[in-house]
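Next comes my_file_29.pdb, a file with PDB, C-alpha atoms, pLDDT in the B column.
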```pdb
ATOM      1  CA  MET I  21       0.000   0.000   0.000  1.00 64.00           C
ATOM      2  CA  GLU I  22       1.429   3.325  -1.060  1.00 75.00           C
ATOM      3  CA  ASN I  23       2.106   5.988   1.536  1.00 86.00           C
ATOM      4  CA  VAL I  24      -0.398   8.847   1.237  1.00 89.00           C
ATOM      5  CA  ASN I  25       2.443  11.326   1.662  1.00 91.00           C
ATOM      6  CA  ASP I  26       4.111   9.995  -1.496  1.00 93.00           C
ATOM      7  CA  LYS I  27       0.858  10.495  -3.359  1.00 95.00           C
ATOM      8  CA  ILE I  28       0.548  14.079  -2.117  1.00 97.00           C
ATOM      9  CA  THR I  29       4.183  14.837  -2.915  1.00 97.00           C
ATOM     10  CA  ARG I  30       3.832  13.467  -6.468  1.00 97.00           C
ATOM     11  CA  THR I  31       0.625  15.438  -7.007  1.00 98.00           C
ATOM     12  CA  MET I  32       2.246  18.654  -5.805  1.00 98.00           C
ATOM     13  CA  GLU I  33       5.312  18.100  -7.988  1.00 98.00           C
ATOM     14  CA  ASN I  34       3.143  17.604 -11.052  1.00 98.00           C
ATOM     15  CA  LEU I  35       0.969  20.617 -10.248  1.00 98.00           C
ATOM     16  CA  ARG I  36       4.209  22.602 -10.203  1.00 98.00           C
ATOM     17  CA  LEU I  37       5.222  21.142 -13.575  1.00 98.00           C
ATOM     18  CA  ASN I  38       1.810  22.221 -14.892  1.00 98.00           C
ATOM     19  CA  LYS I  39       2.618  25.764 -13.718  1.00 98.00           C
ATOM     20  CA  MET I  40       0.164  25.756 -10.851  1.00 98.00           C
ATOM     21  CA  LYS I  41       1.439  26.675  -7.400  1.00 98.00           C
ATOM     22  CA  PRO I  42       0.805  23.972  -4.792  1.00 98.00           C
ATOM     23  CA  TYR I  43       0.527  24.475  -1.045  1.00 98.00           C
ATOM     24  CA  PHE I  44      -0.040  21.974   1.712  1.00 98.00           C
ATOM     25  CA  ALA I  45      -1.994  22.843   4.851  1.00 98.00           C
ATOM     26  CA  GLU I  46      -1.704  20.485   7.798  1.00 97.00           C
ATOM     27  CA  SER I  47      -4.688  22.119   9.475  1.00 97.00           C
ATOM     28  CA  ARG I  48      -7.501  24.599   8.922  1.00 97.00           C
ATOM     29  CA  GLU I  49      -5.469  27.193  10.802  1.00 97.00           C
ATOM     30  CA  GLN I  50      -2.645  26.777   8.277  1.00 98.00           C
ATOM     31  CA  LEU I  51      -5.179  26.951   5.461  1.00 98.00           C
ATOM     32  CA  ASN I  52      -6.486  30.263   6.782  1.00 98.00           C
ATOM     33  CA  GLU I  53      -2.944  31.633   7.117  1.00 98.00           C
ATOM     34  CA  ILE I  54      -2.120  30.775   3.508  1.00 98.00           C
ATOM     35  CA  ILE I  55      -5.325  32.386   2.261  1.00 98.00           C
ATOM     36  CA  ARG I  56      -4.783  35.527   4.345  1.00 98.00           C
ATOM     37  CA  LYS I  57      -1.366  36.007   2.739  1.00 98.00           C
ATOM     38  CA  LEU I  58      -2.621  35.359  -0.796  1.00 98.00           C
ATOM     39  CA  VAL I  59      -5.606  37.744  -0.706  1.00 98.00           C
ATOM     40  CA  ASN I  60      -4.210  40.371   1.619  1.00 94.00           C
ATOM     41  CA  SER I  61      -4.034  43.246  -0.875  1.00 92.00           C
ATOM     42  CA  ASP I  62      -7.054  42.292  -2.979  1.00 96.00           C
ATOM     43  CA  LYS I  63      -9.762  44.787  -3.906  1.00 97.00           C
ATOM     44  CA  LEU I  64     -12.304  42.184  -4.994  1.00 97.00           C
ATOM     45  CA  ILE I  65     -12.567  38.565  -3.859  1.00 98.00           C
ATOM     46  CA  THR I  66     -15.186  36.132  -5.140  1.00 97.00           C
ATOM     47  CA  SER I  67     -15.907  32.453  -4.768  1.00 97.00           C
ATOM     48  CA  GLY I  68     -17.889  29.702  -6.402  1.00 93.00           C
ATOM     49  CA  GLY I  69     -18.418  26.003  -6.684  1.00 79.00           C
TER      50      GLY I  69
ATOM     51  CA  MET T   5     -19.119  22.739  -0.167  1.00 89.00           C
ATOM     52  CA  THR T   6     -15.379  22.490   0.589  1.00 94.00           C
ATOM     53  CA  LEU T   7     -14.998  26.247   1.089  1.00 96.00           C
ATOM     54  CA  LYS T   8     -17.859  26.284   3.563  1.00 94.00           C
ATOM     55  CA  GLU T   9     -16.858  23.086   5.353  1.00 95.00           C
ATOM     56  CA  SER T  10     -13.228  24.182   5.726  1.00 96.00           C
ATOM     57  CA  GLY T  11     -14.203  27.547   7.208  1.00 96.00           C
ATOM     58  CA  VAL T  12     -12.887  29.597   4.280  1.00 97.00           C
ATOM     59  CA  ILE T  13     -16.238  31.301   3.648  1.00 96.00           C
ATOM     60  CA  ASP T  14     -16.400  32.283   7.333  1.00 96.00           C
ATOM     61  CA  LEU T  15     -12.859  33.659   7.131  1.00 97.00           C
ATOM     62  CA  LEU T  16     -13.722  35.776   4.098  1.00 97.00           C
ATOM     63  CA  ASN T  17     -16.932  37.077   5.643  1.00 95.00           C
ATOM     64  CA  LYS T  18     -15.232  37.924   8.928  1.00 96.00           C
ATOM     65  CA  GLU T  19     -11.868  39.325   7.846  1.00 97.00           C
ATOM     66  CA  PHE T  20     -12.372  40.448   4.257  1.00 97.00           C
ATOM     67  CA  SER T  21     -16.006  41.507   4.262  1.00 95.00           C
ATOM     68  CA  SER T  22     -15.231  44.880   2.654  1.00 96.00           C
ATOM     69  CA  VAL T  23     -13.820  43.233  -0.478  1.00 97.00           C
ATOM     70  CA  TYR T  24     -15.506  39.816  -0.505  1.00 97.00           C
ATOM     71  CA  LEU T  25     -18.536  39.397  -2.702  1.00 95.00           C
ATOM     72  CA  ASP T  26     -20.476  36.352  -1.514  1.00 90.00           C
ATOM     73  CA  ARG T  27     -22.970  35.120  -4.080  1.00 87.00           C
ATOM     74  CA  SER T  28     -25.230  33.824  -1.343  1.00 85.00           C
ATOM     75  CA  ALA T  29     -25.858  37.502  -0.582  1.00 85.00           C
ATOM     76  CA  GLY T  30     -27.760  37.791  -3.856  1.00 88.00           C
ATOM     77  CA  LYS T  31     -31.452  38.348  -3.127  1.00 91.00           C
ATOM     78  CA  ASN T  32     -32.707  36.836  -6.351  1.00 94.00           C
ATOM     79  CA  ARG T  33     -31.476  34.964  -9.426  1.00 91.00           C
ATOM     80  CA  GLU T  34     -30.553  38.192 -11.245  1.00 94.00           C
ATOM     81  CA  GLU T  35     -28.387  39.395  -8.355  1.00 93.00           C
ATOM     82  CA  VAL T  36     -26.714  36.017  -8.006  1.00 92.00           C
ATOM     83  CA  GLU T  37     -25.879  35.995 -11.721  1.00 93.00           C
ATOM     84  CA  GLU T  38     -24.504  39.542 -11.503  1.00 93.00           C
ATOM     85  CA  ILE T  39     -22.208  38.455  -8.659  1.00 93.00           C
ATOM     86  CA  MET T  40     -21.118  35.413 -10.674  1.00 93.00           C
ATOM     87  CA  ARG T  41     -20.214  37.699 -13.614  1.00 95.00           C
ATOM     88  CA  LYS T  42     -18.173  39.965 -11.325  1.00 96.00           C
ATOM     89  CA  ALA T  43     -16.006  36.965 -10.505  1.00 96.00           C
ATOM     90  CA  PHE T  44     -14.439  37.292 -13.947  1.00 97.00           C
ATOM     91  CA  VAL T  45     -12.855  40.638 -13.039  1.00 97.00           C
ATOM     92  CA  SER T  46     -12.011  39.832  -9.436  1.00 98.00           C
ATOM     93  CA  ASP T  47      -8.490  39.747  -8.017  1.00 98.00           C
ATOM     94  CA  THR T  48      -9.087  36.337  -6.488  1.00 98.00           C
ATOM     95  CA  PHE T  49     -11.614  33.613  -7.208  1.00 98.00           C
ATOM     96  CA  LEU T  50     -11.759  30.881  -4.576  1.00 98.00           C
ATOM     97  CA  THR T  51     -13.157  27.493  -5.368  1.00 97.00           C
ATOM     98  CA  SER T  52     -12.576  23.782  -4.955  1.00 97.00           C
ATOM     99  CA  SER T  53     -12.076  20.921  -7.373  1.00 97.00           C
ATOM    100  CA  ASN T  54     -13.993  17.703  -7.944  1.00 96.00           C
ATOM    101  CA  ALA T  55     -10.712  15.860  -8.400  1.00 97.00           C
ATOM    102  CA  ILE T  56      -6.958  16.482  -8.607  1.00 98.00           C
ATOM    103  CA  THR T  57      -4.957  13.901 -10.489  1.00 98.00           C
ATOM    104  CA  GLU T  58      -1.521  12.714  -9.457  1.00 98.00           C
ATOM    105  CA  ASN T  59      -0.441  14.078 -12.853  1.00 98.00           C
ATOM    106  CA  GLY T  60      -1.225  17.557 -11.586  1.00 98.00           C
ATOM    107  CA  GLU T  61      -4.517  18.136 -13.427  1.00 98.00           C
ATOM    108  CA  LEU T  62      -7.682  19.670 -12.001  1.00 98.00           C
ATOM    109  CA  TYR T  63     -10.910  17.990 -13.095  1.00 98.00           C
ATOM    110  CA  ASN T  64     -14.234  19.707 -12.645  1.00 96.00           C
ATOM    111  CA  VAL T  65     -17.817  19.256 -13.651  1.00 94.00           C
ATOM    112  CA  ASP T  66     -20.091  22.275 -13.606  1.00 93.00           C
ATOM    113  CA  GLY T  67     -23.751  23.082 -14.068  1.00 91.00           C
ATOM    114  CA  ASN T  68     -23.886  26.809 -14.818  1.00 90.00           C
ATOM    115  CA  GLY T  69     -20.286  26.848 -15.995  1.00 94.00           C
ATOM    116  CA  ASN T  70     -19.387  29.945 -13.968  1.00 94.00           C
ATOM    117  CA  ARG T  71     -16.891  28.041 -11.839  1.00 95.00           C
ATOM    118  CA  VAL T  72     -14.940  26.370 -14.622  1.00 97.00           C
ATOM    119  CA  SER T  73     -15.026  29.558 -16.720  1.00 97.00           C
ATOM    120  CA  ALA T  74     -13.456  31.598 -13.945  1.00 97.00           C
ATOM    121  CA  MET T  75     -10.880  28.911 -13.330  1.00 98.00           C
ATOM    122  CA  ILE T  76      -9.840  29.036 -16.977  1.00 98.00           C
ATOM    123  CA  TYR T  77      -9.763  32.800 -17.544  1.00 97.00           C
ATOM    124  CA  GLY T  78     -10.636  36.082 -15.882  1.00 97.00           C
ATOM    125  CA  PRO T  79      -9.697  36.432 -12.223  1.00 98.00           C
ATOM    126  CA  ARG T  80      -6.130  37.557 -11.572  1.00 98.00           C
ATOM    127  CA  GLN T  81      -5.593  34.506  -9.405  1.00 98.00           C
ATOM    128  CA  VAL T  82      -7.573  31.376  -8.601  1.00 98.00           C
ATOM    129  CA  ILE T  83      -7.225  29.639  -5.250  1.00 98.00           C
ATOM    130  CA  VAL T  84      -8.351  26.018  -5.216  1.00 98.00           C
ATOM    131  CA  VAL T  85      -8.911  24.460  -1.792  1.00 98.00           C
ATOM    132  CA  ALA T  86      -9.150  20.673  -1.717  1.00 97.00           C
ATOM    133  CA  GLY T  87      -9.004  17.900   0.841  1.00 97.00           C
ATOM    134  CA  ILE T  88      -6.744  14.898   0.294  1.00 97.00           C
ATOM    135  CA  ASN T  89      -9.834  12.866  -0.589  1.00 96.00           C
ATOM    136  CA  LYS T  90      -9.893  14.678  -3.958  1.00 97.00           C
ATOM    137  CA  ILE T  91      -6.576  13.228  -5.125  1.00 97.00           C
ATOM    138  CA  VAL T  92      -7.015  10.527  -7.766  1.00 97.00           C
ATOM    139  CA  LYS T  93      -4.631   8.610  -9.996  1.00 97.00           C
ATOM    140  CA  ASP T  94      -5.589   9.986 -13.401  1.00 98.00           C
ATOM    141  CA  LEU T  95      -8.381  11.544 -15.457  1.00 98.00           C
ATOM    142  CA  ASP T  96     -10.225   8.226 -15.823  1.00 98.00           C
ATOM    143  CA  GLU T  97     -10.377   7.931 -12.065  1.00 97.00           C
ATOM    144  CA  ALA T  98     -11.399  11.594 -11.842  1.00 97.00           C
ATOM    145  CA  ARG T  99     -14.382  10.975 -14.148  1.00 96.00           C
ATOM    146  CA  GLU T 100     -15.320   7.919 -12.116  1.00 95.00           C
ATOM    147  CA  ARG T 101     -15.105   9.927  -8.913  1.00 94.00           C
ATOM    148  CA  VAL T 102     -17.448  12.556 -10.308  1.00 93.00           C
ATOM    149  CA  GLU T 103     -19.954  10.022 -11.606  1.00 93.00           C
ATOM    150  CA  LYS T 104     -20.039   7.881  -8.473  1.00 92.00           C
ATOM    151  CA  ILE T 105     -19.377  10.355  -5.659  1.00 91.00           C
ATOM    152  CA  ALA T 106     -19.361  14.086  -6.398  1.00 87.00           C
ATOM    153  CA  ALA T 107     -22.335  14.491  -8.721  1.00 86.00           C
ATOM    154  CA  PRO T 108     -24.799  12.174  -6.946  1.00 89.00           C
ATOM    155  CA  LYS T 109     -24.021  13.707  -3.542  1.00 89.00           C
ATOM    156  CA  ASN T 110     -24.240  17.247  -4.868  1.00 86.00           C
ATOM    157  CA  THR T 111     -27.582  16.624  -6.542  1.00 87.00           C
ATOM    158  CA  VAL T 112     -28.944  15.402  -3.200  1.00 89.00           C
ATOM    159  CA  ARG T 113     -27.453  18.425  -1.406  1.00 86.00           C
ATOM    160  CA  LEU T 114     -28.923  20.808  -3.968  1.00 84.00           C
ATOM    161  CA  GLU T 115     -32.261  18.948  -3.988  1.00 90.00           C
ATOM    162  CA  LYS T 116     -32.123  18.277  -7.718  1.00 91.00           C
ATOM    163  CA  ASN T 117     -34.545  15.910  -9.334  1.00 91.00           C
ATOM    164  CA  THR T 118     -32.098  13.721 -11.224  1.00 93.00           C
ATOM    165  CA  PRO T 119     -31.769   9.949 -11.516  1.00 91.00           C
ATOM    166  CA  CYS T 120     -28.356   9.998  -9.798  1.00 91.00           C
ATOM    167  CA  ALA T 121     -29.897  11.591  -6.710  1.00 90.00           C
ATOM    168  CA  LYS T 122     -31.949   8.411  -6.362  1.00 91.00           C
ATOM    169  CA  THR T 123     -29.513   5.711  -7.528  1.00 93.00           C
ATOM    170  CA  GLY T 124     -26.244   7.213  -6.236  1.00 91.00           C
ATOM    171  CA  LYS T 125     -24.462   6.952  -9.573  1.00 90.00           C
ATOM    172  CA  CYS T 126     -24.486   8.714 -12.904  1.00 88.00           C
ATOM    173  CA  GLU T 127     -27.268   7.504 -15.195  1.00 90.00           C
ATOM    174  CA  HIS T 128     -26.130   9.733 -18.096  1.00 91.00           C
ATOM    175  CA  CYS T 129     -29.472  11.491 -17.938  1.00 90.00           C
ATOM    176  CA  HIS T 130     -30.951  14.415 -19.841  1.00 93.00           C
ATOM    177  CA  SER T 131     -32.758  15.871 -16.853  1.00 93.00           C
ATOM    178  CA  ASP T 132     -33.399  19.626 -16.777  1.00 91.00           C
ATOM    179  CA  ASP T 133     -31.967  19.495 -13.249  1.00 90.00           C
ATOM    180  CA  ARG T 134     -28.688  17.946 -14.389  1.00 89.00           C
ATOM    181  CA  ILE T 135     -25.698  19.619 -12.684  1.00 88.00           C
ATOM    182  CA  CYS T 136     -22.955  18.064 -14.797  1.00 90.00           C
ATOM    183  CA  CYS T 137     -23.147  20.105 -17.998  1.00 92.00           C
ATOM    184  CA  SER T 138     -19.472  20.939 -18.567  1.00 94.00           C
ATOM    185  CA  TYR T 139     -16.515  18.607 -18.016  1.00 95.00           C
ATOM    186  CA  VAL T 140     -13.230  20.466 -17.771  1.00 97.00           C
ATOM    187  CA  ALA T 141      -9.682  19.232 -17.200  1.00 98.00           C
ATOM    188  CA  LEU T 142      -7.122  21.932 -16.469  1.00 98.00           C
ATOM    189  CA  ALA T 143      -3.610  20.885 -17.380  1.00 98.00           C
ATOM    190  CA  GLN T 144      -0.523  23.043 -17.955  1.00 97.00           C
ATOM    191  CA  GLN T 145      -1.256  26.728 -17.492  1.00 98.00           C
ATOM    192  CA  ARG T 146      -0.285  29.602 -19.784  1.00 97.00           C
ATOM    193  CA  VAL T 147       0.119  32.038 -16.857  1.00 98.00           C
ATOM    194  CA  PRO T 148       2.474  30.473 -14.277  1.00 98.00           C
ATOM    195  CA  ASP T 149       1.153  30.313 -10.713  1.00 98.00           C
ATOM    196  CA  ARG T 150      -2.130  32.069 -11.525  1.00 98.00           C
ATOM    197  CA  ILE T 151      -3.790  28.976 -10.079  1.00 98.00           C
ATOM    198  CA  LYS T 152      -2.823  28.137  -6.510  1.00 98.00           C
ATOM    199  CA  VAL T 153      -3.854  24.752  -5.150  1.00 98.00           C
ATOM    200  CA  ILE T 154      -4.036  24.312  -1.393  1.00 98.00           C
ATOM    201  CA  ILE T 155      -4.242  20.661  -0.400  1.00 98.00           C
ATOM    202  CA  VAL T 156      -5.614  20.327   3.117  1.00 98.00           C
ATOM    203  CA  ASN T 157      -4.643  17.295   5.183  1.00 97.00           C
ATOM    204  CA  GLU T 158      -8.181  16.071   5.795  1.00 96.00           C
ATOM    205  CA  SER T 159     -11.224  14.903   3.890  1.00 95.00           C
ATOM    206  CA  LEU T 160     -13.302  17.837   2.637  1.00 95.00           C
ATOM    207  CA  GLY T 161     -16.396  18.069   0.473  1.00 91.00           C
ATOM    208  CA  TYR T 162     -17.463  15.662  -2.211  1.00 87.00           C
TER     209      TYR T 162
END
```
How does this structure look as structure tokens?
Amino acid sequence: MENVNDKITRTMENLRLNKMKPYFAESREQLNEIIRKLVNSDKLITSGG
Amino acid sequence: MTLKESGVIDLLNKEFSSVYLDRSAGKNREEVEEIMRKAFVSDTFLTSSNAITENGELYNVDGNGNRVSAMIYGPRQVIVVAGINKIVKDLDEARERVEKIAAPKNTVRLEKNTPCAKTGKCEHCHSDDRICCSYVALAQQRVPDRIKVIIVNESLGY
């Protein structure tokens, strides 16, 4: 059985190759921190889906 | 579903309320559609993905098409939030995931009158309530890093 971490690492590497920027959040707190940094200077934020 | 479940919508409403346009604030269909159109000129569009392949592709099925459109072009950046349950081997597995998990569960959640809401799997229907109208796989991007993908170490959404 393959380690889930290997699967995540491979997925992130290939996202990078596809010119998308991958992040990994261990927790919801880390998720919020990443989002805060990415949208900090935005003038309009939307969501969907 | 994922954005709500993970607390991202709460974060946006609490800390970025002056710049966050939440489509659930639309009072009627016209207002909701106007908010969806504004997404195309937004700085950031946040969404999730039905599946992420180990090859680094994002696979999404959409009803209105507003989500996949904005992912492809428009917003300055797109932030995709996804739990580890969304990672699949390849596009075949992504399609299977949508047909057997994501679409049937979403039709139940959205109270749609489709065969899959009753049987729990795609029946390749032609229902007016069908939510899987556009199938989009995003592969290598023209604008580097426009799409950010945050993988969260838990199971989130369908």
Closest contacts (chain T/chain I, max 7 Å, all atoms listed in the file) as a tab-separated table:
```
residue	atom	partner	partner_atom	distance
T:Ser10	CA	I:Arg48	CA	6.6
T:Val12	CA	I:Asn52	CA	6.9
T:Val23	CA	I:Leu64	CA	4.9
T:Tyr24	CA	I:Ile65	CA	4.6
T:Leu25	CA	I:Thr66	CA	5.3
T:Asp26	CA	I:Thr66	CA	6.4
T:Ala43	CA	I:Thr66	CA	5.5
T:Ser46	CA	I:Leu64	CA	5.0
T:Asp47	CA	I:Leu64	CA	5.4
T:Thr48	CA	I:Ile65	CA	4.9
T:Phe49	CA	I:Thr66	CA	4.8
T:Leu50	CA	I:Ser67	CA	4.4
T:Thr51	CA	I:Gly68	CA	5.3
T:Ser52	CA	I:Gly69	CA	6.5
T:Thr57	CA	I:Thr31	CA	6.8
T:Glu58	CA	I:Thr31	CA	4.2
T:Asn59	CA	I:Asn34	CA	5.3
T:Gly60	CA	I:Leu35	CA	4.0
T:Glu61	CA	I:Leu35	CA	6.8
T:Arg71	CA	I:Gly69	CA	5.7
T:Ala143	CA	I:Asn38	CA	6.1
T:Gln144	CA	I:Asn38	CA	3.9
T:Gln145	CA	I:Lys39	CA	5.5
T:Pro148	CA	I:Lys39	CA	4.7
T:Asp149	CA	I:Met40	CA	4.7
T:Arg150	CA	I:Met40	CA	6.8
T:Ile151	CA	I:Met40	CA	5.2
T:Lys152	CA	I:Lys41	CA	4.6
T:Val153	CA	I:Pro42	CA	4.7
T:Ile154	CA	I:Tyr43	CA	4.6
T:Ile155	CA	I:Phe44	CA	4.9
T:Val156	CA	I:Ala45	CA	4.7
T:Asn157	CA	I:Glu46	CA	5.1
```
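Straight-line separation from CA of Ser159 (chain T) to CA of Gly87 (chain T): 4.8 Å.
Distances to Val140 (chain T) were evaluated for T:Gly161, T:Gly67, T:Gly30, T:Gly124 using all atoms listed in the file, and the minimum falls at T:Gly67.
Interatomic distance, CA of Cys136 (chain T) to CA of Val72 (chain T): 11.5 Å.
One distance worth recording is that between CA of Val85 (chain T) and CA of Glu34 (chain T), which is 27.3 Å.
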**Request:** For His130 (chain T), work out the shell of residues within 12 Å, counting all atoms listed in the file and skipping chain neighbours fewer than 3 positions away, then give it as number ranges by chain.
**Result:** T: 117-120, 126-127, 133-137
Written file, previous selection with C-alpha atoms, as a short mmCIF file (atom, residue, chain, number, x, y, z; two decimals), keeping the file's coordinate frame:
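Okay, this is what ended up in out_1.cif:
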```cif
data_model
loop_
_atom_site.label_atom_id
_atom_site.label_comp_id
_atom_site.auth_asym_id
_atom_site.auth_seq_id
_atom_site.Cartn_x
_atom_site.Cartn_y
_atom_site.Cartn_z
CA ASN T 117 -34.54 15.91 -9.33
CA THR T 118 -32.10 13.72 -11.22
CA PRO T 119 -31.77 9.95 -11.52
CA CYS T 120 -28.36 10.00 -9.80
CA CYS T 126 -24.49 8.71 -12.90
CA GLU T 127 -27.27 7.50 -15.20
CA ASP T 133 -31.97 19.50 -13.25
CA ARG T 134 -28.69 17.95 -14.39
CA ILE T 135 -25.70 19.62 -12.68
CA CYS T 136 -22.96 18.06 -14.80
CA CYS T 137 -23.15 20.10 -18.00
#
```
Where is the centre and how long are the edges: axis-aligned box on region 49-58 of chain I, 3 Å on each side, Å to one decimal, as JSON:
```
{"center_x": -3.9, "center_y": 31.4, "center_z": 5.0, "size_x": 11.1, "size_y": 15.2, "size_z": 17.6}
```
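Of the listed residues (T:Ala141, T:Ile91, T:Leu160, T:Ile83), T:Ile91 comes nearest to Asp26 (chain I); the distances count all atoms listed in the file.
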**Asked** Of the candidates T:Met40, T:Tyr63, T:Ile76, T:Val82, which shows the shortest atom-to-atom distance to Asp96 (chain T), using all atoms listed in the file?
**Response** T:Tyr63
Is it possible to add all heavy atoms to region 28-36 of chain T and hand it back as a PDB file, keeping the file's coordinate frame?
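Printed below is result-v7.pdb as written:
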```pdb
ATOM      1  N   SER T  28     -24.038  34.164  -2.127  1.00 85.00           N
ATOM      2  CA  SER T  28     -25.230  33.824  -1.343  1.00 85.00           C
ATOM      3  C   SER T  28     -25.926  35.088  -0.829  1.00 85.00           C
ATOM      4  O   SER T  28     -27.043  35.033  -0.318  1.00 85.00           O
ATOM      5  CB  SER T  28     -24.864  32.906  -0.171  1.00 85.00           C
ATOM      6  OG  SER T  28     -24.061  33.582   0.755  1.00 85.00           O
ATOM      7  N   ALA T  29     -25.243  36.238  -0.984  1.00 85.00           N
ATOM      8  CA  ALA T  29     -25.858  37.502  -0.582  1.00 85.00           C
ATOM      9  C   ALA T  29     -26.850  37.998  -1.625  1.00 85.00           C
ATOM     10  O   ALA T  29     -27.638  38.912  -1.360  1.00 85.00           O
ATOM     11  CB  ALA T  29     -24.772  38.556  -0.355  1.00 85.00           C
ATOM     12  N   GLY T  30     -26.820  37.395  -2.809  1.00 88.00           N
ATOM     13  CA  GLY T  30     -27.760  37.791  -3.856  1.00 88.00           C
ATOM     14  C   GLY T  30     -29.189  37.501  -3.439  1.00 88.00           C
ATOM     15  O   GLY T  30     -29.483  36.409  -2.960  1.00 88.00           O
ATOM     16  N   LYS T  31     -30.075  38.499  -3.612  1.00 91.00           N
ATOM     17  CA  LYS T  31     -31.452  38.348  -3.127  1.00 91.00           C
ATOM     18  C   LYS T  31     -32.342  37.589  -4.110  1.00 91.00           C
ATOM     19  O   LYS T  31     -33.392  37.078  -3.742  1.00 91.00           O
ATOM     20  CB  LYS T  31     -32.051  39.728  -2.844  1.00 91.00           C
ATOM     21  CG  LYS T  31     -31.377  40.469  -1.699  1.00 91.00           C
ATOM     22  CD  LYS T  31     -32.055  41.803  -1.444  1.00 91.00           C
ATOM     23  CE  LYS T  31     -31.264  42.656  -0.487  1.00 91.00           C
ATOM     24  NZ  LYS T  31     -30.010  43.184  -1.058  1.00 91.00           N
ATOM     25  N   ASN T  32     -31.933  37.567  -5.348  1.00 94.00           N
ATOM     26  CA  ASN T  32     -32.707  36.836  -6.351  1.00 94.00           C
ATOM     27  C   ASN T  32     -31.750  36.314  -7.425  1.00 94.00           C
ATOM     28  O   ASN T  32     -30.545  36.569  -7.379  1.00 94.00           O
ATOM     29  CB  ASN T  32     -33.790  37.734  -6.965  1.00 94.00           C
ATOM     30  CG  ASN T  32     -33.188  39.043  -7.434  1.00 94.00           C
ATOM     31  OD1 ASN T  32     -32.164  39.040  -8.131  1.00 94.00           O
ATOM     32  ND2 ASN T  32     -33.801  40.154  -7.048  1.00 94.00           N
ATOM     33  N   ARG T  33     -32.306  35.590  -8.387  1.00 91.00           N
ATOM     34  CA  ARG T  33     -31.476  34.964  -9.426  1.00 91.00           C
ATOM     35  C   ARG T  33     -30.650  35.995 -10.208  1.00 91.00           C
ATOM     36  O   ARG T  33     -29.480  35.762 -10.515  1.00 91.00           O
ATOM     37  CB  ARG T  33     -32.389  34.181 -10.386  1.00 91.00           C
ATOM     38  CG  ARG T  33     -31.653  33.361 -11.416  1.00 91.00           C
ATOM     39  CD  ARG T  33     -30.875  32.218 -10.769  1.00 91.00           C
ATOM     40  NE  ARG T  33     -29.769  31.794 -11.616  1.00 91.00           N
ATOM     41  CZ  ARG T  33     -28.798  30.976 -11.231  1.00 91.00           C
ATOM     42  NH1 ARG T  33     -28.780  30.482 -10.001  1.00 91.00           N
ATOM     43  NH2 ARG T  33     -27.826  30.645 -12.037  1.00 91.00           N
ATOM     44  N   GLU T  34     -31.257  37.155 -10.489  1.00 94.00           N
ATOM     45  CA  GLU T  34     -30.553  38.192 -11.245  1.00 94.00           C
ATOM     46  C   GLU T  34     -29.332  38.689 -10.467  1.00 94.00           C
ATOM     47  O   GLU T  34     -28.243  38.874 -11.028  1.00 94.00           O
ATOM     48  CB  GLU T  34     -31.483  39.385 -11.551  1.00 94.00           C
ATOM     49  CG  GLU T  34     -32.534  39.108 -12.608  1.00 94.00           C
ATOM     50  CD  GLU T  34     -33.649  38.182 -12.128  1.00 94.00           C
ATOM     51  OE1 GLU T  34     -33.931  38.159 -10.910  1.00 94.00           O
ATOM     52  OE2 GLU T  34     -34.208  37.449 -12.966  1.00 94.00           O
ATOM     53  N   GLU T  35     -29.510  38.920  -9.172  1.00 93.00           N
ATOM     54  CA  GLU T  35     -28.387  39.395  -8.355  1.00 93.00           C
ATOM     55  C   GLU T  35     -27.296  38.342  -8.246  1.00 93.00           C
ATOM     56  O   GLU T  35     -26.116  38.663  -8.282  1.00 93.00           O
ATOM     57  CB  GLU T  35     -28.890  39.780  -6.950  1.00 93.00           C
ATOM     58  CG  GLU T  35     -29.587  41.128  -6.928  1.00 93.00           C
ATOM     59  CD  GLU T  35     -29.855  41.605  -5.504  1.00 93.00           C
ATOM     60  OE1 GLU T  35     -29.222  41.100  -4.540  1.00 93.00           O
ATOM     61  OE2 GLU T  35     -30.706  42.490  -5.361  1.00 93.00           O
ATOM     62  N   VAL T  36     -27.707  37.095  -8.098  1.00 92.00           N
ATOM     63  CA  VAL T  36     -26.714  36.017  -8.006  1.00 92.00           C
ATOM     64  C   VAL T  36     -25.898  35.944  -9.301  1.00 92.00           C
ATOM     65  O   VAL T  36     -24.670  35.842  -9.286  1.00 92.00           O
ATOM     66  CB  VAL T  36     -27.408  34.655  -7.724  1.00 92.00           C
ATOM     67  CG1 VAL T  36     -26.415  33.509  -7.866  1.00 92.00           C
ATOM     68  CG2 VAL T  36     -28.017  34.646  -6.330  1.00 92.00           C
TER      69      VAL T  36
END
```
